[in-house]
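This report refers to the structure that appears directly beneath it.
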Amino acid sequence: MKKAKRTVFLYIISAFALFSCNRETGEESSTDKFWYRQPAGEWMEALPVGNGRFGAMVFGDPTHERIQLNEDSMWPGAPDLGNSKGSPEDLEHLRELVKEGKVHEADKEIVERFSYKTTLRSHQTMGDLYIDFDREKEAKNYIRSLDLDSAVASVRYTAGGNSYTEKVFTSEADEILAIELTTTAEDGMNFTLRMDRPEDHGHLTVTVTNPSRNEISMKGTVTQYGGVINSEPYPIDDGVKFETRLQVKHTSGSVKAANGTLRLENVKKATLILSGSTSFYHDDYESENTRVLAAVKDKTFDELLQSHVSNYQRSYKRVVLDLGGKELDSLPTDERLQRIKDGKEDPDLIAKLFQYGRYLLISSSAPGTNPANLQGIWNEHIEAPWNADYHLNINLQMNYWPAEVANLSEYHMPLFDFGDRVIERGRITAREQYGIDRGTVVHHTTDLWAPAWMRAERPYWGSWIHGGGWLVQHYWEHYRYTCDTTFLRDRGYQALKAFASFYLDWLVKDENGNWISVPETSPENSYIAEDGKPAAVAAGAAMGHQIIGEVFENTLSAARILGIDNEFTAEVKAKLQNLHPGIVIGNDGRILEWNQPYGEAEKGHRHMSHLYALHPGSKITSKDKEAFEAAKKTIDYRLEHGGAGTGWSRAWMISFNARLLDEVAAEENIRKFLQISTADNMFDMHPPFQIDGNFGFTAGVAELLMQSHEGFIRILPALPGNWDSGNVKGLVARGNTEVDIHWKEGKLIRLGLYSKKAETCRLFYDGKEAEVELPAGEKVWLGPDLNRK
């Protein structure tokens with residue numbers, strides 16, 4: 001018993017030390033932290049920091065520290081691979097093959113005629129900073145943490161009776177990565193700083209020098225000597241040029257430069273400032289580093305930290321989620337995760353993981369940067385899994401599902417900036433490849449250079465034309481949340497019109513006089529053809545028709561708002577009226593994935609594409625009881641056969657559960673996401689790492705607490721039973737209404753609503769409906785009966 005009490009006491013002391021106010025920097029105490037008792041042993045245990053463009057993974061090794069560096073424009077090549085492959089005649093040939101039932105030949109020909117096939121052109125690491133300490137004494141009392149509230153990674157330990165600290169952050173305000181190393185040892189610290197980057201198939205990728213006695217410069221060009229285009233070797237010897245420059249300031253001791261390294265001796269405090277710049281953003285990227293470092297030369301670490309925290313918290317602190325269970329903060333995060341894997345409850349870790357998604361979006365998608373890729377910005381590879389590029393058959397879109405609802409609307413903007421670029425290249429692809437002179441097309445994958453062409457070795461995962469049609473949903477949703485008519489007029493409607501125009505000329509009539517999409521596939525799944533063999537290409541599929549219908553409907557809605565009524569909108573209305581429905585219920589009560597009731601080649605497939613209309617679309621709601629029940633049966637069937645095995649698929653399932661008002665299934669899928677798909681550093685495991693699961697999880701939690709896709713705000717639609725009491729502050733509903741919710745024992749006790757403009761707000765909770773008048777700029781509080789308090 002005494003030993004148990006002592007253990008609890010030590011946990012409490014540890015927690016107090018970890019979460020109390022940091023007087024030196026003025027940071028507020030925080031419980032939004034991940035913390036560990038040991039350094040990261042591998043990359044998937046390291047902790048991410050980032051300012052939207054420039055970032056790092058912090059390992060926290062007290063002897064040989066590794067800071068793995070990242071930047072979002074580190075890509076080989078250029079926009080020099082053309083815009084299309086194939087011709088309008090090839091399209092007609094494919095349509096004839098499908099019409100004649102020669103689907104296996106169509107599968108082969110769609111790849112041969114249109115696809116760039118396997119493409120290896122990857123986002124890459126920016127390299128590594130290593131800090132090699134002269135460590136004679138063993139590190140004890142070790143704590144490594146990531147404070148989500150301040151966006152600071154920290155390491156604390158003792159050695160030989162002296163204290164040592166390391167703090168790391170990446171500042172959007174000052175465009176730098178800052179590291180502070182301190183010790184209480186009278187004779188200070190001795191360590192060597194060095195920088196390096198992996199070779200590219202035996203080719204050196206950087207040159208490391210000392211521009212001055214306290215600097216290291218690492219310069220290089222992003223290459224891809226193992227590159228592949230059209231499934232053939234395609235060595236890429238040029239790409240984005242870059243420089244990472246490190247500058248050191250120190251108190252006491254000395255610093256000496258030699259052979260691209262810096263040697264520091266008897267130093268009690270050292271501040272390392274890194275600037276990383278590339279030719280993608282700046283023609284003279286080296287001068288940009290000089291400018292950035294000169295601007296912070298006279299600022300102390302604490303001044304840099306304060307400006308960083310102030311800038312970051314303007315976004316992060318908009319939303320607070322409390323699900324209780326904070327007493328478990330006394331346990332390290334990896335131990336808490338293991339407890340969940342062992343079947344124990346930890347709602348507070350769920351709340352932290354929700355906030356982690358917001359942290360990661362802020363850190364990988366700041367305004368003016370490139371959008372978050374498959375790994376955000378964090379990637380240690382020269383050849384990353386799936387190129388760490390932009391997959392548009394769910395992954396890129398899922399990255400931005402939480403942007404609006406989680407009160408981070410401005411972090412959505414990089415997606416639109418990139419979308420505008422790919423739309424323009426897609427116009428050329430549509431014209432050259434398909435003979436469609438108006439409109440644009442984007443296939444399932446793209447990269448920094450915004451190509452819109454098809455890339456696929458296999459038709460079932462790559463021969464898909466709706467990447468842009470899905471992407472443009474985000475333009476419309478941004479308007480629905482913000483009510484920004486300027487954005488809608490100048491960007492949203494233009495993007496919608498571009499894809500609607502393509503679909504108008506793409507569709508063909510079937511034997512019943514309905515407009516259908518052909519050739520068509522359902523992302524990454526295959527059906528059983530008449531000969532009993534798997535096939536991918538078909539005449540129509542549910543997701544394609546759901547997306548086309550949504551693009552048409554959203555285009556018409558935007559046109560009405562903007563007062564546009566012309567020949568184009570009349571044509572959209574006409575084809576929408578006779579568009580083959582995207583929601584067709586089969587004889588077994590499930591939603592068909594293709595136009596015909598084919599059997600699936602993979603019954604438990606991770607993509608649930610035919611449920612797009614349930615989420616992220618909004619066509620299937622509780623008002624349509626037949627489709628609502630069919631969606632449930634569709635999910636049950638997939639799960640019975642092993643579906644949702646990947647992290648992002650499990651995260652998508654949480655949003656499905658929320659839309660189906662199924663809190664029991666949501667609770668189970670949240671548990672499985674943490675048990676199966678979450679690494680110790682709380683990154684989503686596909687496996688391997690893909691960040692979309694983190695963003696999808698955050699979006700799913702928000703959907704469980706509040707929904708607004710039906711034209712009204714639904715409060716606590718699917719509250720999991722193990723979230724007994726709690727509160728959330730700052731979620732955003734469509735219509736630009738901020739929502740605060742307090743609940744106890746599973747029941748609403750208080751609801752706060754805030755709108756910048758006067759509006760009438762429709763609400764639904766627990767069978768009760770209400771309309772509430774919201775004055776501009778004033779928060780209104782309601783009770784559980786939806787009346788003013």
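Chain identifiers are assigned as A, B, and so on, following the order in which chains appear in the structure tokens; residues are numbered from 1 within each chain, and ligands are numbered from 1 in order of appearance.
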Can you tell me, as a PyMOL selection string, which residues in stretch 213-392 of chain A count as strand (DSSP E or B) by DSSP? chain A and resi 215-221+224+228-229+232-233+236+239+241-251+254-258+261-267+269-278+320-322+373+376+390-391
Quick one: residues within 8 Å of stretch 177-194 of chain A, only C-alpha atoms counted, chain neighbours fewer than 4 positions away excluded, as an NGL selection string? :A and (54-55 or 129-134 or 162-171 or 216 or 252-253 or 260-275 or 301)
Write the residues you've just listed into a file as a CSV table (one decimal), in the first residue's frame, and include N, CA and C atoms for each of them.
```
chain,number,residue,atom,x,y,z
A,54,PHE,N,7.3,25.6,-42.9
A,54,PHE,CA,8.6,25.1,-42.4
A,54,PHE,C,8.4,24.4,-41.1
A,55,GLY,N,8.9,23.2,-40.9
A,55,GLY,CA,8.7,22.5,-39.7
A,55,GLY,C,9.8,21.5,-39.4
A,129,LEU,N,19.1,18.4,-38.7
A,129,LEU,CA,20.1,19.0,-37.8
A,129,LEU,C,20.4,18.0,-36.6
A,130,TYR,N,21.6,17.8,-36.4
A,130,TYR,CA,22.0,16.9,-35.3
A,130,TYR,C,22.8,17.7,-34.2
A,131,ILE,N,22.5,17.4,-33.0
A,131,ILE,CA,23.1,18.1,-31.8
A,131,ILE,C,23.8,16.9,-31.0
A,132,ASP,N,25.1,16.8,-31.1
A,132,ASP,CA,25.9,15.8,-30.5
A,132,ASP,C,26.5,16.3,-29.2
A,133,PHE,N,25.9,15.9,-28.1
A,133,PHE,CA,26.4,16.3,-26.8
A,133,PHE,C,27.5,15.5,-26.2
A,134,ASP,N,28.5,16.1,-25.6
A,134,ASP,CA,29.5,15.4,-24.8
A,134,ASP,C,28.9,15.0,-23.5
A,162,ASN,N,22.8,18.3,-12.5
A,162,ASN,CA,22.5,19.6,-13.2
A,162,ASN,C,21.2,19.4,-14.1
A,163,SER,N,20.5,20.5,-14.3
A,163,SER,CA,19.3,20.5,-15.1
A,163,SER,C,19.7,20.9,-16.5
A,164,TYR,N,19.0,20.3,-17.5
A,164,TYR,CA,19.1,20.6,-18.9
A,164,TYR,C,17.7,20.8,-19.5
A,165,THR,N,17.6,21.7,-20.4
A,165,THR,CA,16.3,21.9,-21.1
A,165,THR,C,16.6,22.1,-22.6
A,166,GLU,N,15.6,21.7,-23.4
A,166,GLU,CA,15.6,22.0,-24.8
A,166,GLU,C,14.2,22.4,-25.2
A,167,LYS,N,14.0,23.5,-25.9
A,167,LYS,CA,12.7,24.0,-26.3
A,167,LYS,C,12.8,24.3,-27.8
A,168,VAL,N,11.7,23.8,-28.5
A,168,VAL,CA,11.7,24.0,-30.0
A,168,VAL,C,10.4,24.5,-30.4
A,169,PHE,N,10.4,25.5,-31.3
A,169,PHE,CA,9.1,25.9,-31.9
A,169,PHE,C,9.4,26.4,-33.3
A,170,THR,N,8.4,26.5,-34.1
A,170,THR,CA,8.5,27.1,-35.5
A,170,THR,C,7.5,28.2,-35.6
A,171,SER,N,8.0,29.4,-35.8
A,171,SER,CA,7.2,30.6,-35.7
A,171,SER,C,6.7,31.0,-37.1
A,216,ILE,N,25.8,27.7,-40.0
A,216,ILE,CA,25.9,26.6,-40.9
A,216,ILE,C,24.9,26.9,-42.1
A,252,SER,N,28.3,32.7,-22.4
A,252,SER,CA,29.4,32.0,-21.8
A,252,SER,C,30.0,31.1,-22.9
A,253,GLY,N,31.2,30.6,-22.6
A,253,GLY,CA,31.8,29.6,-23.5
A,253,GLY,C,32.2,30.1,-24.9
A,260,GLY,N,31.9,22.8,-42.0
A,260,GLY,CA,30.4,22.8,-42.0
A,260,GLY,C,29.8,22.4,-40.7
A,261,THR,N,30.5,22.4,-39.6
A,261,THR,CA,30.0,22.1,-38.3
A,261,THR,C,30.2,23.3,-37.4
A,262,LEU,N,29.6,23.3,-36.2
A,262,LEU,CA,29.9,24.3,-35.2
A,262,LEU,C,30.1,23.6,-33.9
A,263,ARG,N,31.2,23.9,-33.2
A,263,ARG,CA,31.6,23.3,-32.0
A,263,ARG,C,31.4,24.3,-30.9
A,264,LEU,N,30.5,24.0,-29.9
A,264,LEU,CA,30.2,24.9,-28.8
A,264,LEU,C,30.8,24.3,-27.5
A,265,GLU,N,31.5,25.0,-26.7
A,265,GLU,CA,32.1,24.5,-25.4
A,265,GLU,C,31.8,25.5,-24.3
A,266,ASN,N,31.5,24.9,-23.1
A,266,ASN,CA,31.3,25.6,-21.9
A,266,ASN,C,30.1,26.7,-22.0
A,267,VAL,N,29.1,26.3,-22.8
A,267,VAL,CA,28.0,27.2,-23.0
A,267,VAL,C,26.8,26.9,-22.1
A,268,LYS,N,26.3,27.9,-21.4
A,268,LYS,CA,25.2,27.7,-20.5
A,268,LYS,C,23.8,27.8,-21.2
A,269,LYS,N,23.8,28.7,-22.2
A,269,LYS,CA,22.6,28.8,-22.9
A,269,LYS,C,22.9,29.1,-24.4
A,270,ALA,N,22.3,28.4,-25.3
A,270,ALA,CA,22.5,28.6,-26.7
A,270,ALA,C,21.1,28.7,-27.4
A,271,THR,N,21.0,29.6,-28.3
A,271,THR,CA,19.8,29.8,-29.1
A,271,THR,C,20.2,29.5,-30.6
A,272,LEU,N,19.5,28.5,-31.1
A,272,LEU,CA,19.7,28.2,-32.5
A,272,LEU,C,18.5,28.7,-33.3
A,273,ILE,N,18.8,29.5,-34.3
A,273,ILE,CA,17.8,30.0,-35.2
A,273,ILE,C,18.0,29.4,-36.6
A,274,LEU,N,17.0,28.8,-37.2
A,274,LEU,CA,17.0,28.3,-38.5
A,274,LEU,C,16.0,28.9,-39.4
A,275,SER,N,16.5,29.2,-40.6
A,275,SER,CA,15.6,29.7,-41.7
A,275,SER,C,15.7,28.8,-42.9
A,301,PHE,N,15.4,34.8,-27.3
A,301,PHE,CA,14.6,33.6,-27.5
A,301,PHE,C,13.2,33.9,-26.9
```
Name the closest residue to A:Trp75 among the candidates A:Pro48, A:Pro534, A:Gly239, A:Gly586; distances are taken between atoms, counting only C-alpha atoms. A:Gly239
Show me a table, sorted first by chain and then by increasing residue number, of the residues of stretch 627-716 of chain A having an atom at most 12 Å from stretch 474-480 of chain A, each with its shortest atom pair and the distance in Å to one decimal, counting only C-alpha atoms and written as JSON lines.
```
{"residue": "A:Ser708", "atom": "CA", "partner": "A:Arg480", "partner_atom": "CA", "distance": 9.9}
{"residue": "A:His709", "atom": "CA", "partner": "A:Arg480", "partner_atom": "CA", "distance": 9.3}
{"residue": "A:Glu710", "atom": "CA", "partner": "A:Arg480", "partner_atom": "CA", "distance": 11.7}
{"residue": "A:Gly711", "atom": "CA", "partner": "A:Arg480", "partner_atom": "CA", "distance": 10.2}
```
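Among A:Val664, A:Val732, A:Ile143, A:Ala351, the residue with the shortest atom-to-atom distance to A:Arg37, counting only C-alpha atoms, is A:Ile143.
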Compare A:Leu507, A:Met454, A:Leu496, A:Ile585 by their minimum atom-to-atom distance to A:Ala558, counting only C-alpha atoms, and give me the closest one. A:Leu496
